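Chemist: Here you go, entry-v3.cif (mmCIF, N, CA and C atoms):
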```cif
data_final
loop_
_atom_site.label_atom_id
_atom_site.label_comp_id
_atom_site.auth_asym_id
_atom_site.auth_seq_id
_atom_site.Cartn_x
_atom_site.Cartn_y
_atom_site.Cartn_z
N MET W 1 -5.99 18.52 22.58
CA MET W 1 -6.93 17.83 23.44
C MET W 1 -6.54 18.09 24.88
N LYS W 2 -6.93 19.21 25.37
CA LYS W 2 -6.61 19.63 26.73
C LYS W 2 -7.15 18.61 27.72
N GLY W 3 -6.31 18.21 28.68
CA GLY W 3 -6.74 17.27 29.69
C GLY W 3 -6.91 15.86 29.19
N TYR W 4 -6.37 15.55 28.05
CA TYR W 4 -6.53 14.25 27.43
C TYR W 4 -5.53 13.28 28.03
N ASN W 5 -5.96 12.29 28.77
CA ASN W 5 -5.06 11.39 29.48
C ASN W 5 -5.07 9.98 28.91
N MET W 6 -5.26 9.85 27.61
CA MET W 6 -5.24 8.53 27.01
C MET W 6 -3.85 7.92 27.15
N ILE W 7 -3.83 6.60 27.29
CA ILE W 7 -2.60 5.85 27.43
C ILE W 7 -2.40 5.01 26.18
N ALA W 8 -1.17 5.01 25.66
CA ALA W 8 -0.82 4.16 24.53
C ALA W 8 0.06 3.02 25.04
N ARG W 9 -0.22 1.84 24.56
CA ARG W 9 0.66 0.69 24.81
C ARG W 9 1.14 0.23 23.44
N ILE W 10 2.44 0.21 23.27
CA ILE W 10 3.06 -0.16 21.99
C ILE W 10 3.80 -1.47 22.21
N ILE W 11 3.30 -2.51 21.59
CA ILE W 11 3.84 -3.86 21.77
C ILE W 11 4.66 -4.24 20.54
N MET W 12 5.84 -4.74 20.80
CA MET W 12 6.70 -5.27 19.74
C MET W 12 6.79 -6.78 19.95
N SER W 13 6.73 -7.53 18.86
CA SER W 13 6.90 -8.98 18.98
C SER W 13 7.65 -9.51 17.77
N GLU W 14 8.48 -10.49 18.03
CA GLU W 14 9.26 -11.17 16.99
C GLU W 14 8.82 -12.64 17.00
N HIS W 15 8.62 -13.19 15.81
CA HIS W 15 8.05 -14.54 15.68
C HIS W 15 9.01 -15.45 14.92
N PRO W 16 8.96 -16.77 15.22
CA PRO W 16 9.88 -17.71 14.57
C PRO W 16 9.73 -17.76 13.05
N ASN W 17 8.51 -17.56 12.57
CA ASN W 17 8.27 -17.65 11.13
C ASN W 17 7.01 -16.86 10.76
N GLU W 18 6.77 -16.74 9.46
CA GLU W 18 5.64 -15.94 8.96
C GLU W 18 4.30 -16.53 9.39
N LYS W 19 4.22 -17.86 9.45
CA LYS W 19 2.96 -18.52 9.84
C LYS W 19 2.58 -18.13 11.27
N ASP W 20 3.56 -18.12 12.17
CA ASP W 20 3.28 -17.74 13.56
C ASP W 20 2.87 -16.27 13.65
N LEU W 21 3.48 -15.42 12.84
CA LEU W 21 3.10 -14.01 12.83
C LEU W 21 1.66 -13.86 12.33
N GLU W 22 1.29 -14.59 11.28
CA GLU W 22 -0.09 -14.54 10.77
C GLU W 22 -1.07 -15.00 11.85
N HIS W 23 -0.69 -16.04 12.59
CA HIS W 23 -1.53 -16.54 13.68
C HIS W 23 -1.72 -15.44 14.74
N PHE W 24 -0.64 -14.78 15.10
CA PHE W 24 -0.71 -13.69 16.07
C PHE W 24 -1.60 -12.56 15.57
N THR W 25 -1.46 -12.20 14.31
CA THR W 25 -2.27 -11.13 13.72
C THR W 25 -3.75 -11.47 13.78
N SER W 26 -4.07 -12.70 13.44
CA SER W 26 -5.46 -13.15 13.50
C SER W 26 -5.98 -13.12 14.94
N ASP W 27 -5.15 -13.61 15.86
CA ASP W 27 -5.55 -13.59 17.28
C ASP W 27 -5.69 -12.17 17.81
N HIS W 28 -4.87 -11.24 17.28
CA HIS W 28 -5.00 -9.83 17.68
C HIS W 28 -6.39 -9.31 17.34
N LYS W 29 -6.86 -9.62 16.14
CA LYS W 29 -8.21 -9.18 15.73
C LYS W 29 -9.26 -9.71 16.70
N ASP W 30 -9.14 -10.99 17.06
CA ASP W 30 -10.10 -11.60 17.99
C ASP W 30 -10.01 -10.94 19.36
N ALA W 31 -8.78 -10.63 19.80
CA ALA W 31 -8.59 -10.02 21.12
C ALA W 31 -9.22 -8.63 21.18
N VAL W 32 -9.17 -7.90 20.06
CA VAL W 32 -9.79 -6.57 20.01
C VAL W 32 -11.31 -6.70 19.99
N LYS W 33 -11.78 -7.68 19.24
CA LYS W 33 -13.23 -7.86 19.09
C LYS W 33 -13.89 -8.23 20.42
N ASP W 34 -13.36 -9.25 21.10
CA ASP W 34 -14.02 -9.67 22.34
C ASP W 34 -13.07 -10.33 23.33
N GLY W 35 -11.81 -9.96 23.27
CA GLY W 35 -10.83 -10.51 24.20
C GLY W 35 -10.23 -9.43 25.08
N PHE W 36 -8.99 -9.63 25.46
CA PHE W 36 -8.36 -8.72 26.42
C PHE W 36 -8.18 -7.30 25.89
N LEU W 37 -8.25 -7.10 24.58
CA LEU W 37 -8.11 -5.76 24.00
C LEU W 37 -9.46 -5.08 23.71
N ALA W 38 -10.54 -5.69 24.12
CA ALA W 38 -11.87 -5.14 23.83
C ALA W 38 -12.10 -3.79 24.50
N ASN W 39 -11.32 -3.47 25.53
CA ASN W 39 -11.52 -2.19 26.22
C ASN W 39 -10.67 -1.06 25.64
N THR W 40 -10.00 -1.30 24.52
CA THR W 40 -9.20 -0.24 23.90
C THR W 40 -10.09 0.71 23.11
N GLN W 41 -9.60 1.95 22.96
CA GLN W 41 -10.27 2.91 22.08
C GLN W 41 -9.93 2.61 20.63
N PHE W 42 -8.71 2.08 20.42
CA PHE W 42 -8.26 1.64 19.11
C PHE W 42 -7.09 0.70 19.30
N SER W 43 -6.85 -0.15 18.31
CA SER W 43 -5.69 -1.02 18.33
C SER W 43 -5.28 -1.27 16.88
N ILE W 44 -4.03 -0.97 16.58
CA ILE W 44 -3.51 -1.07 15.21
C ILE W 44 -2.36 -2.06 15.20
N SER W 45 -2.42 -3.01 14.29
CA SER W 45 -1.36 -4.00 14.14
C SER W 45 -0.59 -3.69 12.86
N VAL W 46 0.74 -3.59 12.97
CA VAL W 46 1.58 -3.23 11.82
C VAL W 46 2.66 -4.29 11.66
N GLN W 47 2.72 -4.91 10.50
CA GLN W 47 3.79 -5.88 10.23
C GLN W 47 5.04 -5.13 9.83
N ARG W 48 6.11 -5.28 10.62
CA ARG W 48 7.37 -4.56 10.40
C ARG W 48 8.32 -5.31 9.47
N SER W 49 8.23 -6.62 9.48
CA SER W 49 9.06 -7.46 8.62
C SER W 49 8.29 -8.77 8.48
N PRO W 50 8.82 -9.72 7.74
CA PRO W 50 8.08 -10.98 7.61
C PRO W 50 7.79 -11.68 8.94
N THR W 51 8.59 -11.36 9.98
CA THR W 51 8.39 -12.05 11.26
C THR W 51 8.27 -11.11 12.46
N SER W 52 8.08 -9.82 12.25
CA SER W 52 7.94 -8.92 13.40
C SER W 52 6.68 -8.07 13.29
N LEU W 53 6.11 -7.78 14.45
CA LEU W 53 4.84 -7.10 14.53
C LEU W 53 4.93 -5.98 15.55
N LEU W 54 4.26 -4.87 15.26
CA LEU W 54 4.15 -3.73 16.17
C LEU W 54 2.65 -3.49 16.35
N VAL W 55 2.20 -3.40 17.59
CA VAL W 55 0.79 -3.14 17.88
C VAL W 55 0.70 -1.90 18.74
N ILE W 56 -0.13 -0.96 18.32
CA ILE W 56 -0.36 0.26 19.09
C ILE W 56 -1.82 0.25 19.53
N SER W 57 -2.02 0.29 20.85
CA SER W 57 -3.38 0.30 21.39
C SER W 57 -3.54 1.54 22.26
N GLY W 58 -4.69 2.17 22.16
CA GLY W 58 -4.99 3.36 22.95
C GLY W 58 -6.08 3.08 23.96
N TYR W 59 -5.84 3.50 25.19
CA TYR W 59 -6.78 3.27 26.29
C TYR W 59 -7.29 4.62 26.80
N GLU W 60 -8.51 4.62 27.30
CA GLU W 60 -9.14 5.85 27.79
C GLU W 60 -8.32 6.50 28.91
N ASN W 61 -7.72 5.68 29.78
CA ASN W 61 -6.94 6.19 30.90
C ASN W 61 -6.04 5.08 31.44
N GLN W 62 -5.24 5.40 32.46
CA GLN W 62 -4.31 4.41 33.01
C GLN W 62 -5.04 3.22 33.63
N SER W 63 -6.15 3.50 34.30
CA SER W 63 -6.93 2.44 34.93
C SER W 63 -7.42 1.44 33.89
N SER W 64 -7.89 1.94 32.78
CA SER W 64 -8.35 1.08 31.68
C SER W 64 -7.19 0.26 31.12
N ALA W 65 -6.04 0.90 30.95
CA ALA W 65 -4.85 0.20 30.43
C ALA W 65 -4.41 -0.89 31.40
N ASP W 66 -4.42 -0.58 32.67
CA ASP W 66 -3.98 -1.55 33.68
C ASP W 66 -4.94 -2.72 33.84
N SER W 67 -6.22 -2.48 33.52
CA SER W 67 -7.25 -3.49 33.79
C SER W 67 -7.08 -4.77 32.99
N ASN W 68 -6.33 -4.75 31.91
CA ASN W 68 -6.22 -5.97 31.10
C ASN W 68 -4.83 -6.62 31.18
N LEU W 69 -3.97 -6.17 32.08
CA LEU W 69 -2.61 -6.71 32.13
C LEU W 69 -2.58 -8.21 32.46
N GLN W 70 -3.40 -8.67 33.39
CA GLN W 70 -3.43 -10.10 33.71
C GLN W 70 -3.91 -10.91 32.52
N ALA W 71 -4.98 -10.44 31.89
CA ALA W 71 -5.51 -11.15 30.71
C ALA W 71 -4.51 -11.11 29.57
N ARG W 72 -3.79 -10.01 29.44
CA ARG W 72 -2.75 -9.89 28.41
C ARG W 72 -1.67 -10.94 28.64
N GLN W 73 -1.21 -11.06 29.89
CA GLN W 73 -0.17 -12.04 30.20
C GLN W 73 -0.65 -13.46 29.91
N LYS W 74 -1.89 -13.75 30.28
CA LYS W 74 -2.46 -15.08 30.01
C LYS W 74 -2.49 -15.34 28.50
N TRP W 75 -2.90 -14.34 27.73
CA TRP W 75 -2.98 -14.46 26.27
C TRP W 75 -1.60 -14.80 25.70
N PHE W 76 -0.58 -14.09 26.16
CA PHE W 76 0.78 -14.37 25.67
C PHE W 76 1.27 -15.74 26.16
N ASP W 77 0.96 -16.12 27.40
CA ASP W 77 1.37 -17.43 27.92
C ASP W 77 0.78 -18.55 27.08
N GLU W 78 -0.47 -18.38 26.64
CA GLU W 78 -1.13 -19.39 25.82
C GLU W 78 -0.49 -19.51 24.43
N ARG W 79 0.32 -18.56 24.05
CA ARG W 79 0.94 -18.54 22.72
C ARG W 79 2.46 -18.75 22.78
N ARG W 80 2.94 -19.22 23.91
CA ARG W 80 4.38 -19.50 24.03
C ARG W 80 4.82 -20.40 22.88
N GLY W 81 5.99 -20.10 22.33
CA GLY W 81 6.50 -20.85 21.18
C GLY W 81 6.09 -20.23 19.86
N LYS W 82 5.07 -19.38 19.89
CA LYS W 82 4.62 -18.69 18.67
C LYS W 82 5.30 -17.34 18.52
N TYR W 83 6.08 -16.95 19.55
CA TYR W 83 6.87 -15.73 19.48
C TYR W 83 8.23 -15.99 20.12
N ILE W 84 9.22 -15.29 19.62
CA ILE W 84 10.58 -15.41 20.14
C ILE W 84 10.77 -14.43 21.29
N ASP W 85 10.28 -13.21 21.09
CA ASP W 85 10.45 -12.16 22.07
C ASP W 85 9.29 -11.18 21.95
N THR W 86 8.90 -10.58 23.06
CA THR W 86 7.90 -9.53 23.04
C THR W 86 8.16 -8.58 24.21
N PHE W 87 7.87 -7.32 24.02
CA PHE W 87 7.97 -6.33 25.07
C PHE W 87 7.05 -5.19 24.70
N TYR W 88 6.79 -4.31 25.68
CA TYR W 88 5.96 -3.16 25.35
C TYR W 88 6.44 -1.90 26.04
N TYR W 89 6.09 -0.78 25.39
CA TYR W 89 6.27 0.54 25.95
C TYR W 89 4.89 1.06 26.27
N GLU W 90 4.80 1.93 27.26
CA GLU W 90 3.51 2.50 27.62
C GLU W 90 3.71 3.93 28.08
N GLY W 91 2.77 4.80 27.73
CA GLY W 91 2.85 6.18 28.19
C GLY W 91 1.61 6.96 27.82
N GLU W 92 1.55 8.17 28.34
CA GLU W 92 0.42 9.04 28.06
C GLU W 92 0.54 9.62 26.66
N ILE W 93 -0.56 9.58 25.93
CA ILE W 93 -0.59 10.15 24.59
C ILE W 93 -0.61 11.67 24.73
N LYS W 94 0.35 12.34 24.14
CA LYS W 94 0.44 13.79 24.22
C LYS W 94 -0.12 14.48 22.99
N THR W 95 0.01 13.85 21.84
CA THR W 95 -0.49 14.42 20.59
C THR W 95 -1.16 13.33 19.78
N MET W 96 -2.36 13.62 19.30
CA MET W 96 -3.08 12.67 18.46
C MET W 96 -3.93 13.50 17.51
N MET W 97 -3.33 13.82 16.36
CA MET W 97 -3.99 14.75 15.44
C MET W 97 -3.97 14.23 14.02
N ARG W 98 -4.85 14.76 13.23
CA ARG W 98 -4.90 14.52 11.80
C ARG W 98 -4.09 15.61 11.12
N GLY W 99 -3.73 15.36 9.87
CA GLY W 99 -3.12 16.42 9.08
C GLY W 99 -4.06 17.62 9.02
N GLY W 100 -3.52 18.80 9.05
CA GLY W 100 -4.35 20.01 9.05
C GLY W 100 -4.71 20.47 10.45
N GLY W 101 -4.31 19.70 11.46
CA GLY W 101 -4.50 20.14 12.84
C GLY W 101 -5.77 19.68 13.52
N ASN W 102 -6.59 18.86 12.87
CA ASN W 102 -7.81 18.37 13.51
C ASN W 102 -7.47 17.24 14.48
N HIS W 103 -8.17 17.21 15.60
CA HIS W 103 -7.94 16.18 16.60
C HIS W 103 -8.56 14.86 16.15
N MET W 104 -7.87 13.79 16.49
CA MET W 104 -8.41 12.45 16.22
C MET W 104 -9.17 11.98 17.44
N LEU W 105 -10.11 11.08 17.23
CA LEU W 105 -10.87 10.45 18.31
C LEU W 105 -11.51 11.44 19.26
N SER W 106 -11.94 12.56 18.75
CA SER W 106 -12.56 13.57 19.60
C SER W 106 -13.99 13.21 19.97
N GLY W 107 -14.56 12.27 19.24
CA GLY W 107 -15.93 11.87 19.51
C GLY W 107 -16.95 12.83 18.92
N GLU W 108 -16.48 13.85 18.24
CA GLU W 108 -17.38 14.83 17.66
C GLU W 108 -17.51 14.60 16.16
N VAL W 109 -18.75 14.46 15.70
CA VAL W 109 -19.00 14.34 14.27
C VAL W 109 -19.53 15.68 13.80
N GLN W 110 -18.84 16.26 12.84
CA GLN W 110 -19.27 17.56 12.34
C GLN W 110 -20.31 17.35 11.25
N VAL W 111 -21.50 17.86 11.51
CA VAL W 111 -22.59 17.72 10.57
C VAL W 111 -22.73 19.01 9.77
N SER W 112 -22.91 18.86 8.49
CA SER W 112 -23.07 20.02 7.63
C SER W 112 -24.36 20.75 8.00
N SER W 113 -24.37 22.06 7.79
CA SER W 113 -25.58 22.84 8.09
C SER W 113 -26.66 22.59 7.04
N ASN W 114 -26.31 21.93 5.95
CA ASN W 114 -27.27 21.59 4.91
C ASN W 114 -28.24 20.55 5.45
N SER W 115 -29.50 20.90 5.58
CA SER W 115 -30.49 20.01 6.17
C SER W 115 -30.74 18.77 5.32
N ASN W 116 -30.33 18.79 4.06
CA ASN W 116 -30.51 17.63 3.19
C ASN W 116 -29.42 16.57 3.40
N THR W 117 -28.41 16.88 4.20
CA THR W 117 -27.35 15.92 4.45
C THR W 117 -27.91 14.76 5.26
N SER W 118 -27.79 13.58 4.73
CA SER W 118 -28.31 12.41 5.43
C SER W 118 -27.27 11.85 6.39
N GLN W 119 -27.75 11.09 7.34
CA GLN W 119 -26.84 10.46 8.30
C GLN W 119 -25.89 9.52 7.57
N THR W 120 -26.35 8.87 6.53
CA THR W 120 -25.51 7.97 5.73
C THR W 120 -24.35 8.74 5.11
N ASP W 121 -24.61 9.95 4.61
CA ASP W 121 -23.53 10.76 4.03
C ASP W 121 -22.50 11.14 5.09
N VAL W 122 -22.98 11.49 6.27
CA VAL W 122 -22.08 11.87 7.36
C VAL W 122 -21.21 10.67 7.72
N ILE W 123 -21.83 9.50 7.87
CA ILE W 123 -21.08 8.29 8.21
C ILE W 123 -20.10 7.94 7.10
N ARG W 124 -20.51 8.04 5.86
CA ARG W 124 -19.63 7.75 4.72
C ARG W 124 -18.40 8.67 4.76
N ASP W 125 -18.63 9.95 5.04
CA ASP W 125 -17.52 10.91 5.13
C ASP W 125 -16.60 10.56 6.29
N GLU W 126 -17.18 10.18 7.42
CA GLU W 126 -16.36 9.81 8.58
C GLU W 126 -15.52 8.57 8.29
N VAL W 127 -16.11 7.58 7.62
CA VAL W 127 -15.36 6.36 7.26
C VAL W 127 -14.22 6.72 6.31
N ARG W 128 -14.48 7.57 5.34
CA ARG W 128 -13.43 8.00 4.41
C ARG W 128 -12.30 8.70 5.19
N ASP W 129 -12.68 9.60 6.10
CA ASP W 129 -11.68 10.30 6.90
C ASP W 129 -10.88 9.34 7.76
N LEU W 130 -11.56 8.35 8.36
CA LEU W 130 -10.86 7.37 9.19
C LEU W 130 -9.89 6.54 8.36
N ARG W 131 -10.29 6.16 7.17
CA ARG W 131 -9.38 5.42 6.29
C ARG W 131 -8.14 6.25 5.98
N ASN W 132 -8.34 7.52 5.71
CA ASN W 132 -7.20 8.41 5.45
C ASN W 132 -6.30 8.50 6.68
N GLU W 133 -6.92 8.60 7.86
CA GLU W 133 -6.14 8.68 9.09
C GLU W 133 -5.31 7.42 9.31
N VAL W 134 -5.92 6.25 9.07
CA VAL W 134 -5.19 4.99 9.23
C VAL W 134 -4.02 4.95 8.25
N SER W 135 -4.24 5.39 7.03
CA SER W 135 -3.15 5.42 6.05
C SER W 135 -2.03 6.35 6.52
N GLU W 136 -2.40 7.49 7.06
CA GLU W 136 -1.40 8.43 7.58
C GLU W 136 -0.65 7.83 8.76
N LEU W 137 -1.36 7.13 9.64
CA LEU W 137 -0.71 6.49 10.78
C LEU W 137 0.27 5.42 10.30
N LYS W 138 -0.13 4.66 9.31
CA LYS W 138 0.76 3.64 8.76
C LYS W 138 2.04 4.27 8.22
N GLU W 139 1.88 5.36 7.52
CA GLU W 139 3.05 6.05 6.96
C GLU W 139 3.95 6.59 8.07
N MET W 140 3.33 7.18 9.12
CA MET W 140 4.12 7.71 10.23
C MET W 140 4.87 6.58 10.94
N ILE W 141 4.19 5.47 11.18
CA ILE W 141 4.82 4.33 11.83
C ILE W 141 5.95 3.79 10.98
N LYS W 142 5.73 3.70 9.68
CA LYS W 142 6.76 3.21 8.76
C LYS W 142 7.98 4.12 8.81
N MET W 143 7.74 5.44 8.78
CA MET W 143 8.85 6.39 8.84
C MET W 143 9.60 6.25 10.16
N LEU W 144 8.87 6.13 11.25
CA LEU W 144 9.50 6.00 12.57
C LEU W 144 10.30 4.71 12.68
N THR W 145 9.71 3.62 12.21
CA THR W 145 10.41 2.35 12.33
C THR W 145 11.56 2.25 11.36
N ASP W 146 11.44 2.86 10.18
CA ASP W 146 12.57 2.89 9.23
C ASP W 146 13.72 3.70 9.80
N ASN W 147 13.40 4.83 10.44
CA ASN W 147 14.44 5.68 11.04
C ASN W 147 15.13 4.98 12.20
N SER W 148 14.38 4.19 12.98
CA SER W 148 14.98 3.53 14.15
C SER W 148 15.86 2.36 13.75
N SER W 149 15.72 1.84 12.54
CA SER W 149 16.52 0.70 12.12
C SER W 149 17.82 1.13 11.46
N HIS W 150 18.04 2.43 11.33
CA HIS W 150 19.29 2.93 10.72
C HIS W 150 20.26 3.37 11.78
#
```
Have the structure of the file written as structure tokens, please.

Modeler:
Amino acid sequence: MKGYNMIARIIMSEHPNEKDLEHFTSDHKDAVKDGFLANTQFSISVQRSPTSLLVISGYENQSSADSNLQARQKWFDERRGKYIDTFYYEGEIKTMMRGGGNHMLSGEVQVSSNSNTSQTDVIRDEVRDLRNEVSELKEMIKMLTDNSSH
């Protein structure tokens, strides 16, 4: 993805108990839907242990990533006591690919030359591909986090 300047923010959080982590996970969904994370291109929440969470969010550019920092801080302030510790890493995404070398989030839907292919079939195929990509991302994150804990 030549010239691709997407920004990733990777948030780690540790919670006092499983109930607080579940609360955070539920609130994460709401934040992506219509809260401070609504401006992300994607946001993935991964439970690392019974009480720890890793969230990876992708932003179109640095300006977009920066635009929600105040709202992010307010969101975390409103949840004080529901987490023990939280921090984040941020940087430019350099590689974002599917297995086989295809780019992710390219915005391009490849339509078959078969004129009988319906839009529903194309969407169904894209959903299947996205599910596979999410599974692959989960595996990559698991491998990375397992390696970092040794």

Chemist: Pick out the closest residue to Asn5 (chain W) from this set: W:Ile93, W:Val127, W:Met143, W:Ile44. Count all atoms listed in the file.

Modeler: W:Ile93

Chemist: Please give the complete set of residues from chain W that DSSP, run on the backbone, assigns to strand (DSSP E), formatted as a short mmCIF file (atom, residue, chain, number, x, y, z; two decimals) with N, CA and C atoms, in the coordinates of the input.

Modeler:
```cif
data_model
loop_
_atom_site.label_atom_id
_atom_site.label_comp_id
_atom_site.auth_asym_id
_atom_site.auth_seq_id
_atom_site.Cartn_x
_atom_site.Cartn_y
_atom_site.Cartn_z
N ILE W 7 -3.83 6.60 27.29
CA ILE W 7 -2.60 5.85 27.43
C ILE W 7 -2.40 5.01 26.18
N ALA W 8 -1.17 5.01 25.66
CA ALA W 8 -0.82 4.16 24.53
C ALA W 8 0.06 3.02 25.04
N ARG W 9 -0.22 1.84 24.56
CA ARG W 9 0.66 0.69 24.81
C ARG W 9 1.14 0.23 23.44
N ILE W 10 2.44 0.21 23.27
CA ILE W 10 3.06 -0.16 21.99
C ILE W 10 3.80 -1.47 22.21
N ILE W 11 3.30 -2.51 21.59
CA ILE W 11 3.84 -3.86 21.77
C ILE W 11 4.66 -4.24 20.54
N MET W 12 5.84 -4.74 20.80
CA MET W 12 6.70 -5.27 19.74
C MET W 12 6.79 -6.78 19.95
N SER W 13 6.73 -7.53 18.86
CA SER W 13 6.90 -8.98 18.98
C SER W 13 7.65 -9.51 17.77
N GLU W 14 8.48 -10.49 18.03
CA GLU W 14 9.26 -11.17 16.99
C GLU W 14 8.82 -12.64 17.00
N PHE W 42 -8.71 2.08 20.42
CA PHE W 42 -8.26 1.64 19.11
C PHE W 42 -7.09 0.70 19.30
N SER W 43 -6.85 -0.15 18.31
CA SER W 43 -5.69 -1.02 18.33
C SER W 43 -5.28 -1.27 16.88
N ILE W 44 -4.03 -0.97 16.58
CA ILE W 44 -3.51 -1.07 15.21
C ILE W 44 -2.36 -2.06 15.20
N SER W 45 -2.42 -3.01 14.29
CA SER W 45 -1.36 -4.00 14.14
C SER W 45 -0.59 -3.69 12.86
N VAL W 46 0.74 -3.59 12.97
CA VAL W 46 1.58 -3.23 11.82
C VAL W 46 2.66 -4.29 11.66
N GLN W 47 2.72 -4.91 10.50
CA GLN W 47 3.79 -5.88 10.23
C GLN W 47 5.04 -5.13 9.83
N ARG W 48 6.11 -5.28 10.62
CA ARG W 48 7.37 -4.56 10.40
C ARG W 48 8.32 -5.31 9.47
N SER W 49 8.23 -6.62 9.48
CA SER W 49 9.06 -7.46 8.62
C SER W 49 8.29 -8.77 8.48
N SER W 52 8.08 -9.82 12.25
CA SER W 52 7.94 -8.92 13.40
C SER W 52 6.68 -8.07 13.29
N LEU W 53 6.11 -7.78 14.45
CA LEU W 53 4.84 -7.10 14.53
C LEU W 53 4.93 -5.98 15.55
N LEU W 54 4.26 -4.87 15.26
CA LEU W 54 4.15 -3.73 16.17
C LEU W 54 2.65 -3.49 16.35
N VAL W 55 2.20 -3.40 17.59
CA VAL W 55 0.79 -3.14 17.88
C VAL W 55 0.70 -1.90 18.74
N ILE W 56 -0.13 -0.96 18.32
CA ILE W 56 -0.36 0.26 19.09
C ILE W 56 -1.82 0.25 19.53
N SER W 57 -2.02 0.29 20.85
CA SER W 57 -3.38 0.30 21.39
C SER W 57 -3.54 1.54 22.26
N GLY W 58 -4.69 2.17 22.16
CA GLY W 58 -4.99 3.36 22.95
C GLY W 58 -6.08 3.08 23.96
N TYR W 59 -5.84 3.50 25.19
CA TYR W 59 -6.78 3.27 26.29
C TYR W 59 -7.29 4.62 26.80
N ASP W 85 10.28 -13.21 21.09
CA ASP W 85 10.45 -12.16 22.07
C ASP W 85 9.29 -11.18 21.95
N THR W 86 8.90 -10.58 23.06
CA THR W 86 7.90 -9.53 23.04
C THR W 86 8.16 -8.58 24.21
N PHE W 87 7.87 -7.32 24.02
CA PHE W 87 7.97 -6.33 25.07
C PHE W 87 7.05 -5.19 24.70
N TYR W 88 6.79 -4.31 25.68
CA TYR W 88 5.96 -3.16 25.35
C TYR W 88 6.44 -1.90 26.04
N TYR W 89 6.09 -0.78 25.39
CA TYR W 89 6.27 0.54 25.95
C TYR W 89 4.89 1.06 26.27
N GLU W 90 4.80 1.93 27.26
CA GLU W 90 3.51 2.50 27.62
C GLU W 90 3.71 3.93 28.08
N GLY W 91 2.77 4.80 27.73
CA GLY W 91 2.85 6.18 28.19
C GLY W 91 1.61 6.96 27.82
N GLU W 92 1.55 8.17 28.34
CA GLU W 92 0.42 9.04 28.06
C GLU W 92 0.54 9.62 26.66
#
```

Chemist: Which residues match the PyMOL selection byres (((chain W and resi 14 and name CA) around 6) and name CA) in the file above, as number ranges by chain?

Modeler: W: 13, 15, 51-52, 83-85

Chemist: Which one is closest to Gly58 (chain W): W:Thr145, W:Thr40, W:Gln73, W:Ser45? Count only C-alpha atoms.

Modeler: W:Thr40

Chemist: Identify which of the residues W:Gly99, W:Arg80, W:Asp66, W:Thr25 lies closest to Asn132 (chain W), counting all atoms listed in the file when measuring atom-to-atom distances.

Modeler: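 Of the candidates, the smallest distance to Asn132 (chain W) is held by W:Gly99.
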
Chemist: Looking at W:Trp75, W:Arg124, W:Met6, W:Ile11, which one is nearest to Asp30 (chain W), with distances taken over only C-alpha atoms?

Modeler: W:Trp75

Chemist: Can you work out the spacing between CA of Pro16 (chain W) and atom N of Lys82 (chain W) in Å, to one decimal?

Modeler: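 It comes out at 7.4 Å.
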
Chemist: How would you write as a count of residues only the residues that get within 10 Å of (-2.6, 4.4, 30.4) in the file's frame, counting only C-alpha atoms?

Modeler: 20

Chemist: Apply DSSP to the structure's backbone, then extract all residues of chain W labelled helix (DSSP H, G or I) and return them as a ChimeraX atom specification.

Modeler: /W:18-34,62-66,69-77,119-148

Chemist: Using only C-alpha atoms, which of W:Glu22, W:Glu139, W:Leu37, W:Val134 sits nearest Arg72 (chain W)?

Modeler: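 Going through W:Glu22, W:Glu139, W:Leu37, W:Val134 one by one, the smallest distance to Arg72 (chain W) is for W:Leu37.
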